[in-house]
Amino acid sequence: MAFELPTLPYAKTALAGAGMCEETLELHHGKHHQAYVTALNGFVEKNAALQGKSLEEIVKMSHNNADMAAVFNNAGQHWNHILFWENMSPTGGKIPGKLEKKITEDFGGVAQFKDSFKTAATTQFGSGWAWLIIGSDGKLKCTKTPNGSNPLATGEGKALLGCDVWEHSYYLDFRNRRPDYVQNWLDKIANYEYAEAQL
Ligand code: MN3
């Protein structure tokens with residue numbers, strides 16, 4: 001069974017008012033994510049060890065494996081983008097009560113959480129991702145990973161939110177201004193309902 005590009009959970013125009021235009025979603029979902037899926041399926045076709053494995057299994061078995069670096073990049077990016085589409089909403093930005101309480105407990109407040117997430121996102125040199133995770137100690141934490149890596153691979157914790165900070169996710173809307181993209185993403189786009197449901 002080949003891996004497939006998931007359907008976006010909203011229209012390509014749905015996030016335009018919140019700061020992510022139709023062309024960004026068209027290219028990001030239809031071209032970038034599709035390319036990771038196509039490449040991953042190509043690797044699976046040629047490598048019996050990958051056949052019949054779940055996406056999560058492939059991410060874990062290819063992590064820190066020099067011979068499988070290209071497999072990891074594409075499997076990781078497929079996993080990351082599946083989450084990313086779910087992590088955004090046309091009615092995003094509102095933090096529901098249970099998550100807000102947990103954020104306040106673990107970061108000191110919503111402003112401190114957003115500062116921590118923005119720091120992770122803006123200090124990721126080059127391409128990568130910023131994450132809100134819940135660690136094995138049960139505490140929320142903001143982290144970052146380079147390129148196609150993610151908290152599933154690193155084992156740091158369970159991802160509640162992942163924000164793509166590759167330039168392809170923000171260049172049409174925010175040009176080179178990654179901090180503005182991340183601030184806007186946290187304030188208007190992030191699907192905190194989804195994040196809370198993962199707790
Ligand atoms: Mn991307």
# chains A, B, ... in the order shown; residues from 1 in each chain; ligands from 1
$ residues_around --residues "Ile133 in chain A" --least-positions-apart "6" --cutoff "10 Å" --atoms "only C-alpha atoms" --output "list in words"
Lys139, Leu140, Lys141, Cys142, Thr143, Pro151, Glu156, Gly157, Lys158, Ala159, Leu160, Leu161, Gly162, Ala195, Gln198 and Leu199 of chain A
$ closest_atom_pairs --of "chain A" --to "ligand 1" --cutoff "10 Å" --atoms "only C-alpha atoms and all ligand atoms" --output "tab-separated table"
residue	atom	partner	partner_atom_place_in_ligand_line	distance
A:Leu25	CA	ligand 1	1 (Mn)	9.8
A:Leu27	CA	ligand 1	1 (Mn)	9.5
A:His28	CA	ligand 1	1 (Mn)	6.0
A:His29	CA	ligand 1	1 (Mn)	7.9
A:Lys31	CA	ligand 1	1 (Mn)	9.7
A:His32	CA	ligand 1	1 (Mn)	6.4
A:His33	CA	ligand 1	1 (Mn)	6.6
A:Tyr36	CA	ligand 1	1 (Mn)	9.5
A:Gln77	CA	ligand 1	1 (Mn)	7.3
A:His78	CA	ligand 1	1 (Mn)	9.1
A:Asn80	CA	ligand 1	1 (Mn)	8.1
A:His81	CA	ligand 1	1 (Mn)	6.4
A:Phe84	CA	ligand 1	1 (Mn)	8.4
A:Ser127	CA	ligand 1	1 (Mn)	9.1
A:Gly128	CA	ligand 1	1 (Mn)	8.6
A:Trp129	CA	ligand 1	1 (Mn)	8.9
A:Asn147	CA	ligand 1	1 (Mn)	9.4
A:Gly148	CA	ligand 1	1 (Mn)	9.0
A:Cys163	CA	ligand 1	1 (Mn)	9.0
A:Asp164	CA	ligand 1	1 (Mn)	5.6
A:Val165	CA	ligand 1	1 (Mn)	7.5
A:Trp166	CA	ligand 1	1 (Mn)	5.9
A:Glu167	CA	ligand 1	1 (Mn)	8.1
A:His168	CA	ligand 1	1 (Mn)	6.2
A:Ser169	CA	ligand 1	1 (Mn)	5.7
A:Tyr170	CA	ligand 1	1 (Mn)	9.4
$ atom_distance --atom1 "CA of Asn64 in chain A" --atom2 "CA of Glu4 in chain A"
24.6 Å
$ closest_residue --among "A:Lys188, A:Arg175, A:Lys114, A:Lys60" --to "Phe72 in chain A" --atoms "only C-alpha atoms"
A:Lys60
$ residues_around --residues "Gln124 in chain A" --least-positions-apart "3" --cutoff "7 Å" --atoms "only C-alpha atoms" --output "JSON, numbers by chain"
{"A": [120, 121, 128, 144, 146]}
$ residues_around --residues "Thr13 in chain A" --least-positions-apart "5" --cutoff "10 Å" --atoms "only C-alpha atoms" --output "list in words"
Met20, Cys21, Glu22, Glu23, Thr24, Leu25, Glu26 and Pro90 of chain A
$ select_by_dssp --residues "range 78-140 of chain A" --states "strand (DSSP E or B)" --output "list in words"
Met88, Gly128, Trp129, Ala130, Trp131, Leu132, Ile133, Ile134 and Leu140 of chain A
$ write_last_selection --atoms "C-alpha atoms" --output "compact mmCIF listing (two decimals), in the first residue's frame"
# COMPACT_ATOMS: atom_id res chain seq x y z
CA MET A 88 -3.77 24.79 11.29
CA GLY A 128 13.40 22.77 10.04
CA TRP A 129 10.53 22.75 12.49
CA ALA A 130 9.47 24.23 15.82
CA TRP A 131 7.41 22.06 18.15
CA LEU A 132 5.22 22.13 21.21
CA ILE A 133 5.70 18.72 22.77
CA ILE A 134 4.74 16.95 25.95
CA LEU A 140 5.05 20.90 27.92
$ closest_residue --among "A:Phe107, A:Leu99, A:Thr122, A:Asn191" --to "Asn176 in chain A" --atoms "only C-alpha atoms"
A:Thr122
$ atom_distance --atom1 "CA of Asp173 in chain A" --atom2 "CA of Ala35 in chain A"
21.6 Å
$ select_by_dssp --residues "range 60-122 of chain A" --states "helix (DSSP H, G or I)" --output "compact mmCIF listing (two decimals) with all heavy atoms, in the first residue's frame"
# COMPACT_ATOMS: atom_id res chain seq x y z
N LYS A 60 11.35 5.88 12.47
CA LYS A 60 12.22 5.44 13.56
C LYS A 60 13.39 4.59 13.07
O LYS A 60 14.52 4.74 13.53
CB LYS A 60 11.40 4.65 14.60
CG LYS A 60 10.51 5.55 15.44
CD LYS A 60 9.75 4.72 16.46
CE LYS A 60 8.69 5.56 17.17
NZ LYS A 60 7.72 4.72 17.88
N MET A 61 13.14 3.70 12.12
CA MET A 61 14.23 2.80 11.66
C MET A 61 15.26 3.52 10.79
O MET A 61 16.40 3.09 10.71
CB MET A 61 13.67 1.55 10.98
CG MET A 61 13.02 1.78 9.63
SD MET A 61 12.05 0.33 9.09
CE MET A 61 13.31 -0.63 8.28
N SER A 62 14.86 4.64 10.17
CA SER A 62 15.80 5.35 9.30
C SER A 62 16.52 6.49 10.02
O SER A 62 17.49 7.04 9.50
CB SER A 62 15.07 5.90 8.06
OG SER A 62 14.05 6.80 8.43
N ALA A 66 22.91 6.30 8.46
CA ALA A 66 23.54 7.00 7.33
C ALA A 66 23.09 6.45 5.98
O ALA A 66 22.90 7.20 5.03
CB ALA A 66 25.06 6.93 7.46
N ASP A 67 22.89 5.14 5.91
CA ASP A 67 22.49 4.53 4.64
C ASP A 67 21.05 4.89 4.26
O ASP A 67 20.65 4.70 3.11
CB ASP A 67 22.59 3.00 4.72
CG ASP A 67 24.03 2.55 4.89
OD1 ASP A 67 24.93 3.32 4.47
OD2 ASP A 67 24.25 1.45 5.44
N MET A 68 20.28 5.33 5.26
CA MET A 68 18.87 5.62 5.00
C MET A 68 18.54 7.10 5.18
O MET A 68 17.39 7.46 5.41
CB MET A 68 17.99 4.77 5.93
CG MET A 68 18.09 3.29 5.63
SD MET A 68 17.04 2.33 6.74
CE MET A 68 15.56 2.27 5.79
N ALA A 69 19.55 7.95 5.01
CA ALA A 69 19.34 9.39 5.25
C ALA A 69 18.25 9.96 4.34
O ALA A 69 17.40 10.74 4.78
CB ALA A 69 20.65 10.15 5.04
N ALA A 70 18.25 9.58 3.08
CA ALA A 70 17.25 10.12 2.14
C ALA A 70 15.86 9.57 2.47
O ALA A 70 14.86 10.28 2.32
CB ALA A 70 17.64 9.78 0.70
N VAL A 71 15.80 8.33 2.91
CA VAL A 71 14.52 7.74 3.33
C VAL A 71 13.99 8.53 4.52
O VAL A 71 12.82 8.93 4.57
CB VAL A 71 14.69 6.25 3.71
CG1 VAL A 71 13.40 5.69 4.31
CG2 VAL A 71 15.13 5.43 2.50
N PHE A 72 14.88 8.78 5.50
CA PHE A 72 14.47 9.52 6.70
C PHE A 72 13.95 10.91 6.35
O PHE A 72 12.91 11.34 6.87
CB PHE A 72 15.64 9.64 7.69
CG PHE A 72 15.28 10.44 8.91
CD1 PHE A 72 14.43 9.92 9.87
CD2 PHE A 72 15.75 11.74 9.08
CE1 PHE A 72 14.06 10.67 10.99
CE2 PHE A 72 15.39 12.49 10.20
CZ PHE A 72 14.54 11.95 11.15
N ASN A 73 14.67 11.63 5.48
CA ASN A 73 14.25 12.99 5.12
C ASN A 73 12.82 13.00 4.57
O ASN A 73 12.00 13.82 4.95
CB ASN A 73 15.19 13.58 4.08
CG ASN A 73 16.56 13.91 4.67
OD1 ASN A 73 16.70 14.08 5.87
ND2 ASN A 73 17.56 13.96 3.81
N ASN A 74 12.53 12.08 3.69
CA ASN A 74 11.22 12.07 3.03
C ASN A 74 10.12 11.49 3.92
O ASN A 74 9.00 12.01 3.94
CB ASN A 74 11.31 11.34 1.69
CG ASN A 74 12.07 12.17 0.66
OD1 ASN A 74 11.54 13.14 0.13
ND2 ASN A 74 13.33 11.82 0.41
N ALA A 75 10.44 10.44 4.68
CA ALA A 75 9.45 9.88 5.62
C ALA A 75 9.16 10.89 6.72
O ALA A 75 8.01 11.10 7.10
CB ALA A 75 9.97 8.57 6.20
N GLY A 76 10.23 11.53 7.24
CA GLY A 76 10.06 12.53 8.29
C GLY A 76 9.20 13.69 7.80
O GLY A 76 8.28 14.13 8.49
N GLN A 77 9.49 14.16 6.59
CA GLN A 77 8.71 15.27 6.06
C GLN A 77 7.25 14.87 5.78
O GLN A 77 6.35 15.70 5.94
CB GLN A 77 9.37 15.83 4.79
CG GLN A 77 10.58 16.69 5.07
CD GLN A 77 10.21 18.00 5.75
OE1 GLN A 77 9.81 18.02 6.92
NE2 GLN A 77 10.34 19.10 5.03
N HIS A 78 7.01 13.64 5.38
CA HIS A 78 5.61 13.19 5.19
C HIS A 78 4.90 13.22 6.55
O HIS A 78 3.81 13.79 6.67
CB HIS A 78 5.60 11.79 4.57
CG HIS A 78 4.23 11.26 4.28
ND1 HIS A 78 3.18 12.07 3.88
CD2 HIS A 78 3.72 9.98 4.33
CE1 HIS A 78 2.09 11.32 3.70
NE2 HIS A 78 2.39 10.07 3.97
N TRP A 79 5.52 12.68 7.56
CA TRP A 79 4.93 12.67 8.92
C TRP A 79 4.70 14.11 9.41
O TRP A 79 3.63 14.44 9.91
CB TRP A 79 5.86 11.90 9.85
CG TRP A 79 5.27 11.60 11.21
CD1 TRP A 79 4.55 10.49 11.56
CD2 TRP A 79 5.37 12.42 12.40
NE1 TRP A 79 4.18 10.58 12.89
CE2 TRP A 79 4.66 11.74 13.42
CE3 TRP A 79 5.97 13.65 12.68
CZ2 TRP A 79 4.55 12.26 14.72
CZ3 TRP A 79 5.84 14.17 13.98
CH2 TRP A 79 5.15 13.46 14.98
N ASN A 80 5.72 14.96 9.24
CA ASN A 80 5.63 16.34 9.72
C ASN A 80 4.49 17.10 9.05
O ASN A 80 3.75 17.84 9.71
CB ASN A 80 6.94 17.09 9.44
CG ASN A 80 8.11 16.54 10.24
OD1 ASN A 80 7.94 15.72 11.13
ND2 ASN A 80 9.31 16.99 9.90
N HIS A 81 4.36 16.92 7.74
CA HIS A 81 3.33 17.69 7.02
C HIS A 81 1.92 17.17 7.30
O HIS A 81 0.98 17.96 7.34
CB HIS A 81 3.63 17.73 5.52
CG HIS A 81 4.76 18.66 5.18
ND1 HIS A 81 6.07 18.27 5.24
CD2 HIS A 81 4.77 19.98 4.84
CE1 HIS A 81 6.84 19.31 4.91
NE2 HIS A 81 6.08 20.36 4.66
N ILE A 82 1.76 15.87 7.51
CA ILE A 82 0.43 15.35 7.90
C ILE A 82 -0.03 16.08 9.16
O ILE A 82 -1.16 16.56 9.25
CB ILE A 82 0.49 13.83 8.16
CG1 ILE A 82 0.73 13.06 6.86
CG2 ILE A 82 -0.79 13.34 8.85
CD1 ILE A 82 1.05 11.57 7.07
N LEU A 83 0.90 16.21 10.13
CA LEU A 83 0.58 16.91 11.37
C LEU A 83 0.35 18.41 11.12
O LEU A 83 -0.59 18.99 11.66
CB LEU A 83 1.73 16.71 12.38
CG LEU A 83 1.51 17.30 13.77
CD1 LEU A 83 0.43 16.54 14.52
CD2 LEU A 83 2.81 17.28 14.58
N PHE A 84 1.21 19.00 10.29
CA PHE A 84 1.15 20.45 10.03
C PHE A 84 -0.22 20.87 9.50
O PHE A 84 -0.79 21.86 9.96
CB PHE A 84 2.25 20.82 9.02
CG PHE A 84 2.40 22.29 8.76
CD1 PHE A 84 2.67 23.19 9.79
CD2 PHE A 84 2.32 22.78 7.46
CE1 PHE A 84 2.85 24.55 9.53
CE2 PHE A 84 2.50 24.14 7.18
CZ PHE A 84 2.76 25.02 8.22
N TRP A 85 -0.79 20.13 8.56
CA TRP A 85 -2.11 20.51 8.01
C TRP A 85 -3.17 20.44 9.10
O TRP A 85 -4.05 21.29 9.17
CB TRP A 85 -2.51 19.62 6.82
CG TRP A 85 -1.45 19.49 5.77
CD1 TRP A 85 -1.00 18.32 5.19
CD2 TRP A 85 -0.70 20.54 5.12
NE1 TRP A 85 -0.01 18.59 4.28
CE2 TRP A 85 0.20 19.93 4.20
CE3 TRP A 85 -0.68 21.93 5.24
CZ2 TRP A 85 1.08 20.66 3.42
CZ3 TRP A 85 0.21 22.67 4.46
CH2 TRP A 85 1.07 22.03 3.56
N GLU A 86 -3.06 19.44 9.97
CA GLU A 86 -4.03 19.31 11.08
C GLU A 86 -3.81 20.39 12.13
O GLU A 86 -4.70 20.70 12.91
CB GLU A 86 -3.91 17.93 11.74
CG GLU A 86 -4.23 16.75 10.83
CD GLU A 86 -5.70 16.70 10.42
OE1 GLU A 86 -6.55 17.23 11.15
OE2 GLU A 86 -5.98 16.15 9.34
N GLY A 97 -9.48 26.08 27.27
CA GLY A 97 -9.19 26.18 28.70
C GLY A 97 -8.21 25.18 29.29
O GLY A 97 -7.30 25.54 30.04
N LYS A 98 -8.39 23.90 28.95
CA LYS A 98 -7.55 22.86 29.55
C LYS A 98 -6.09 23.03 29.12
O LYS A 98 -5.16 22.90 29.93
CB LYS A 98 -8.09 21.49 29.09
CG LYS A 98 -7.46 20.30 29.74
CD LYS A 98 -8.12 19.00 29.22
CE LYS A 98 -7.13 17.86 29.17
NZ LYS A 98 -7.57 16.78 28.26
N LEU A 99 -5.89 23.35 27.84
CA LEU A 99 -4.53 23.57 27.34
C LEU A 99 -3.93 24.84 27.93
O LEU A 99 -2.76 24.87 28.30
CB LEU A 99 -4.53 23.63 25.80
CG LEU A 99 -3.16 23.88 25.15
CD1 LEU A 99 -2.19 22.74 25.47
CD2 LEU A 99 -3.30 24.04 23.64
N GLU A 100 -4.75 25.89 28.04
CA GLU A 100 -4.25 27.14 28.60
C GLU A 100 -3.78 26.95 30.04
O GLU A 100 -2.74 27.47 30.46
CB GLU A 100 -5.32 28.25 28.53
CG GLU A 100 -4.75 29.58 29.01
CD GLU A 100 -5.68 30.77 28.84
OE1 GLU A 100 -6.77 30.60 28.26
OE2 GLU A 100 -5.32 31.85 29.31
N LYS A 101 -4.52 26.15 30.79
CA LYS A 101 -4.16 25.88 32.18
C LYS A 101 -2.81 25.17 32.25
O LYS A 101 -1.94 25.51 33.05
CB LYS A 101 -5.27 25.04 32.82
CG LYS A 101 -5.10 24.76 34.30
CD LYS A 101 -6.41 24.20 34.90
CE LYS A 101 -6.20 23.80 36.35
NZ LYS A 101 -5.55 22.47 36.50
N LYS A 102 -2.64 24.18 31.35
CA LYS A 102 -1.39 23.41 31.30
C LYS A 102 -0.22 24.30 30.85
O LYS A 102 0.89 24.19 31.38
CB LYS A 102 -1.61 22.22 30.34
CG LYS A 102 -0.43 21.30 30.15
CD LYS A 102 -0.23 20.39 31.34
CE LYS A 102 0.93 19.42 31.07
NZ LYS A 102 1.71 19.17 32.29
N ILE A 103 -0.48 25.17 29.88
CA ILE A 103 0.54 26.10 29.40
C ILE A 103 0.98 27.02 30.54
O ILE A 103 2.17 27.27 30.74
CB ILE A 103 0.01 26.92 28.19
CG1 ILE A 103 0.02 26.07 26.92
CG2 ILE A 103 0.83 28.20 27.97
CD1 ILE A 103 -0.61 26.72 25.69
N THR A 104 0.00 27.51 31.29
CA THR A 104 0.32 28.41 32.40
C THR A 104 1.13 27.68 33.48
O THR A 104 2.10 28.22 34.00
CB THR A 104 -0.98 29.00 32.99
OG1 THR A 104 -1.66 29.69 31.94
CG2 THR A 104 -0.70 29.97 34.13
N GLU A 105 0.77 26.43 33.74
CA GLU A 105 1.52 25.63 34.72
C GLU A 105 2.97 25.43 34.30
O GLU A 105 3.89 25.54 35.10
CB GLU A 105 0.88 24.24 34.88
CG GLU A 105 -0.31 24.19 35.83
CD GLU A 105 -1.07 22.87 35.70
OE1 GLU A 105 -0.51 21.85 35.22
OE2 GLU A 105 -2.26 22.87 36.08
N ASP A 106 3.16 25.12 33.02
CA ASP A 106 4.49 24.68 32.57
C ASP A 106 5.38 25.79 32.03
O ASP A 106 6.61 25.67 32.05
CB ASP A 106 4.35 23.57 31.52
CG ASP A 106 3.74 22.31 32.11
OD1 ASP A 106 3.64 22.23 33.35
OD2 ASP A 106 3.36 21.40 31.34
N PHE A 107 4.77 26.88 31.51
CA PHE A 107 5.58 27.98 30.97
C PHE A 107 5.47 29.25 31.80
O PHE A 107 6.27 30.17 31.61
CB PHE A 107 5.13 28.32 29.53
CG PHE A 107 5.44 27.27 28.50
CD1 PHE A 107 4.46 26.37 28.08
CD2 PHE A 107 6.71 27.17 27.93
CE1 PHE A 107 4.73 25.41 27.12
CE2 PHE A 107 6.99 26.22 26.96
CZ PHE A 107 6.00 25.33 26.56
N VAL A 110 0.68 32.21 28.71
CA VAL A 110 0.61 32.08 27.25
C VAL A 110 1.72 32.89 26.57
O VAL A 110 2.34 32.43 25.61
CB VAL A 110 -0.79 32.52 26.74
CG1 VAL A 110 -0.82 32.65 25.22
CG2 VAL A 110 -1.85 31.51 27.19
N ALA A 111 1.99 34.10 27.08
CA ALA A 111 3.03 34.94 26.47
C ALA A 111 4.40 34.24 26.55
O ALA A 111 5.16 34.25 25.58
CB ALA A 111 3.09 36.29 27.16
N GLN A 112 4.66 33.62 27.69
CA GLN A 112 5.94 32.92 27.87
C GLN A 112 6.03 31.70 26.95
O GLN A 112 7.09 31.39 26.41
CB GLN A 112 6.12 32.47 29.32
CG GLN A 112 6.39 33.61 30.29
CD GLN A 112 5.11 34.18 30.91
OE1 GLN A 112 4.04 34.16 30.28
NE2 GLN A 112 5.21 34.70 32.12
N PHE A 113 4.89 30.98 26.78
CA PHE A 113 4.87 29.85 25.84
C PHE A 113 5.19 30.34 24.43
O PHE A 113 6.03 29.76 23.74
CB PHE A 113 3.51 29.14 25.87
CG PHE A 113 3.11 28.54 24.55
CD1 PHE A 113 3.84 27.47 24.01
CD2 PHE A 113 2.04 29.05 23.82
CE1 PHE A 113 3.49 26.93 22.77
CE2 PHE A 113 1.69 28.51 22.59
CZ PHE A 113 2.41 27.46 22.06
N LYS A 114 4.53 31.42 24.01
CA LYS A 114 4.75 31.91 22.63
C LYS A 114 6.19 32.38 22.45
O LYS A 114 6.78 32.16 21.39
CB LYS A 114 3.74 33.02 22.30
CG LYS A 114 2.33 32.47 22.10
CD LYS A 114 1.34 33.54 21.63
CE LYS A 114 -0.04 32.92 21.38
NZ LYS A 114 -1.05 33.92 20.94
N ASP A 115 6.76 33.02 23.46
CA ASP A 115 8.17 33.44 23.38
C ASP A 115 9.09 32.24 23.22
O ASP A 115 10.02 32.25 22.43
CB ASP A 115 8.58 34.22 24.64
CG ASP A 115 8.12 35.66 24.60
OD1 ASP A 115 7.71 36.12 23.50
OD2 ASP A 115 8.15 36.33 25.65
N SER A 116 8.80 31.19 23.98
CA SER A 116 9.62 29.98 23.92
C SER A 116 9.51 29.31 22.55
O SER A 116 10.51 28.88 21.97
CB SER A 116 9.17 29.03 25.04
OG SER A 116 9.84 27.80 24.94
N PHE A 117 8.29 29.26 22.02
CA PHE A 117 8.07 28.65 20.70
C PHE A 117 8.77 29.47 19.61
O PHE A 117 9.43 28.93 18.73
CB PHE A 117 6.56 28.55 20.42
CG PHE A 117 6.19 27.65 19.28
CD1 PHE A 117 5.83 26.32 19.49
CD2 PHE A 117 6.17 28.13 17.96
CE1 PHE A 117 5.48 25.49 18.44
CE2 PHE A 117 5.83 27.30 16.90
CZ PHE A 117 5.48 25.98 17.14
N LYS A 118 8.64 30.80 19.71
CA LYS A 118 9.26 31.69 18.72
C LYS A 118 10.78 31.58 18.77
O LYS A 118 11.45 31.62 17.74
CB LYS A 118 8.85 33.15 18.98
CG LYS A 118 7.63 33.54 18.20
CD LYS A 118 7.34 35.04 18.23
CE LYS A 118 7.60 35.70 19.54
NZ LYS A 118 7.16 37.09 19.64
N THR A 119 11.32 31.47 19.97
CA THR A 119 12.77 31.31 20.10
C THR A 119 13.22 30.02 19.42
O THR A 119 14.20 30.01 18.67
CB THR A 119 13.19 31.30 21.59
OG1 THR A 119 12.82 32.55 22.15
CG2 THR A 119 14.68 31.09 21.75
N ALA A 120 12.48 28.92 19.65
CA ALA A 120 12.82 27.66 18.99
C ALA A 120 12.76 27.82 17.47
O ALA A 120 13.66 27.38 16.74
CB ALA A 120 11.86 26.55 19.45
N ALA A 121 11.72 28.49 16.99
CA ALA A 121 11.50 28.63 15.53
C ALA A 121 12.55 29.52 14.87
O ALA A 121 12.98 29.25 13.75
CB ALA A 121 10.11 29.20 15.27
N THR A 122 12.94 30.59 15.57
CA THR A 122 13.84 31.55 14.93
C THR A 122 15.31 31.19 15.14
O THR A 122 16.17 31.70 14.43
CB THR A 122 13.58 32.99 15.44
OG1 THR A 122 13.65 32.99 16.87
CG2 THR A 122 12.22 33.47 15.00
$ closest_residue --among "A:Ile95, A:Val59, A:Ala39, A:Met1" --to "Ile189 in chain A" --atoms "only C-alpha atoms"
A:Ile95
$ atom_distance --atom1 "CA of Ser89 in chain A" --atom2 "CA of Pro6 in chain A"
15.6 Å
